[in-house]
Amino acid sequence: MTKPRSRSQRNAPTIADVARHAGVSPMTVSRVINEGTMVRATTREKVEAAIAALNYAPSAAARQLAGGDDTRIALVYSNPSSTYLSEFLMGSLDRAASLNVTLTVERFGEDADLADLITRMQRGRLNGVLLPPPLCENEAMLAALRKEGLAVVAVAAGVPRPEIASVGIDDFHAAETMTSHLIALGHRRIGFIKGNPDQSASERRYEGYLAALEQAGIALDPSIVAQGYFIYRSGLDAASDILDAAEPPTAIFASNDDMAAATVATAHARHLDVPGDLTVCGFDDTPMATTIWPELTTIRQPISDMARAAMDLLASMIRNPDDGAEVRHDRLDYQLIRRQSDASPARKRKK
């Protein structure tokens, strides 16, 4: 059905090129390649004509995309938070087993080669890819996966891309809820530790914090806002900067539990009682939230449930392709979990 490629591998046409040329979806091309029966004759002719015109040779991913009983999914990660990753991995493995999905876990570090990753995926005959943060918003990664015709689900992107299926929560309203909770406790000087600026969820959480302050008529004080990167070390630095302000806050809301835990440690190092002298709250409700003292008040982002929902969505996309179907963006509920790290600012803060 196809001729040997005369172009270099670098410029070889992809399943996405064939789909565009034929005016169909990549999954339709895959069904034709795999000799699927649920393709109209006229559509099959268009696809075969496009394959011949482009001199396309199908990759392993393309040949396997429609194989319902042999669903192979990769979880590709680079998240620096081991607690977040652990929760995500547990949910993914649990759901993969019940769905009869073969799950491959791939680490994609800062120095990793994207072309090498794509090659491994081709050799592994993968059908789809699950992308937790921050890779859920990696433009190069998303473009390469789509070019290969692989099904993709992005998890926990603050601002989902319209063309990429996703699962997540409403980061804006979750952060607004936590900030409003602190205001209701009586706090008026509320510090904030931002997340990694490369992730849209970070900006959405900051926007939620700002919205709650504005609704309460509280002016923003930039001296008690600091940049973090979702890792513990960055939380130590950010908390120190905030607590060194001329007028320190009575509460600090960190954009994840790792940075909130670092804030608690910084407070203790300065002989500040949490929550007597300083309220500290986090986001995610990872195991970190309950393995420190005091246990963290935090926003529960259902990480394991999001991983399970993403596996369900991705398996459905692979096994039941529906040409022209709307791209799904599933949203799960968040929850404010109160523990021992928050209180009203009843005591005078120690200097």
# chains A, B, ... in the order shown; residues from 1 in each chain; ligands from 1
>>> residues_around(residues="segment 263-271 of chain A", least_positions_apart="2", cutoff="7 Å", atoms="only C-alpha atoms", output="ChimeraX atom specification")
/A:235-236,239-240,259-261,273-274,280
>>> select_by_dssp(residues="segment 130-343 of chain A", states="strand (DSSP E)", output="PyMOL selection string")
chain A and resi 130-131+151-155+165-168+190-194+225-227+251-254+279-284+297-300+329-331+335-337
>>> write_last_selection(atoms="C-alpha atoms", output="mmCIF file, in the first residue's frame")
data_model
loop_
_atom_site.group_PDB
_atom_site.id
_atom_site.type_symbol
_atom_site.label_atom_id
_atom_site.label_comp_id
_atom_site.auth_asym_id
_atom_site.auth_seq_id
_atom_site.Cartn_x
_atom_site.Cartn_y
_atom_site.Cartn_z
ATOM 1 C CA LEU A 130 -0.612 10.744 29.694
ATOM 2 C CA LEU A 131 1.046 14.057 30.599
ATOM 3 C CA ALA A 151 -3.812 10.238 21.614
ATOM 4 C CA VAL A 152 -2.884 12.653 24.422
ATOM 5 C CA VAL A 153 -4.525 13.656 27.692
ATOM 6 C CA ALA A 154 -3.054 16.581 29.643
ATOM 7 C CA VAL A 155 -3.591 16.548 33.397
ATOM 8 C CA ALA A 165 -8.132 16.504 25.930
ATOM 9 C CA SER A 166 -7.598 17.271 29.598
ATOM 10 C CA VAL A 167 -8.490 16.453 33.186
ATOM 11 C CA GLY A 168 -8.054 18.872 36.069
ATOM 12 C CA ILE A 190 -1.866 37.201 53.716
ATOM 13 C CA GLY A 191 1.398 36.272 52.037
ATOM 14 C CA PHE A 192 1.446 34.190 48.882
ATOM 15 C CA ILE A 193 4.092 31.896 47.379
ATOM 16 C CA LYS A 194 3.657 31.507 43.636
ATOM 17 C CA VAL A 225 4.336 37.802 47.593
ATOM 18 C CA ALA A 226 7.311 35.674 46.523
ATOM 19 C CA GLN A 227 8.190 33.429 43.616
ATOM 20 C CA ALA A 251 -0.750 33.994 57.170
ATOM 21 C CA ILE A 252 1.060 32.511 54.168
ATOM 22 C CA PHE A 253 -0.698 30.582 51.421
ATOM 23 C CA ALA A 254 1.736 28.493 49.353
ATOM 24 C CA THR A 279 -0.988 30.463 59.723
ATOM 25 C CA VAL A 280 0.344 28.356 56.843
ATOM 26 C CA CYS A 281 -1.765 26.738 54.132
ATOM 27 C CA GLY A 282 -0.919 24.690 51.058
ATOM 28 C CA PHE A 283 -2.407 23.230 47.910
ATOM 29 C CA ASP A 284 -2.734 19.617 46.597
ATOM 30 C CA THR A 297 -4.692 23.001 56.005
ATOM 31 C CA THR A 298 -4.743 22.692 52.234
ATOM 32 C CA ILE A 299 -6.763 22.449 49.043
ATOM 33 C CA ARG A 300 -7.340 18.829 48.126
ATOM 34 C CA HIS A 329 -12.067 18.749 29.219
ATOM 35 C CA ASP A 330 -13.145 16.987 32.407
ATOM 36 C CA ARG A 331 -13.155 18.910 35.694
ATOM 37 C CA GLN A 335 -12.022 20.491 48.578
ATOM 38 C CA LEU A 336 -10.678 22.712 51.345
ATOM 39 C CA ILE A 337 -9.243 20.431 54.046
#
>>> closest_residue(among="A:Val76, A:Ile51, A:Leu99, A:Ala157", to="Arg319 of chain A", atoms="only C-alpha atoms")
A:Leu99
>>> atom_distance(atom1="atom CA of Ser92 of chain A", atom2="atom CA of Thr104 of chain A")
10.4 Å
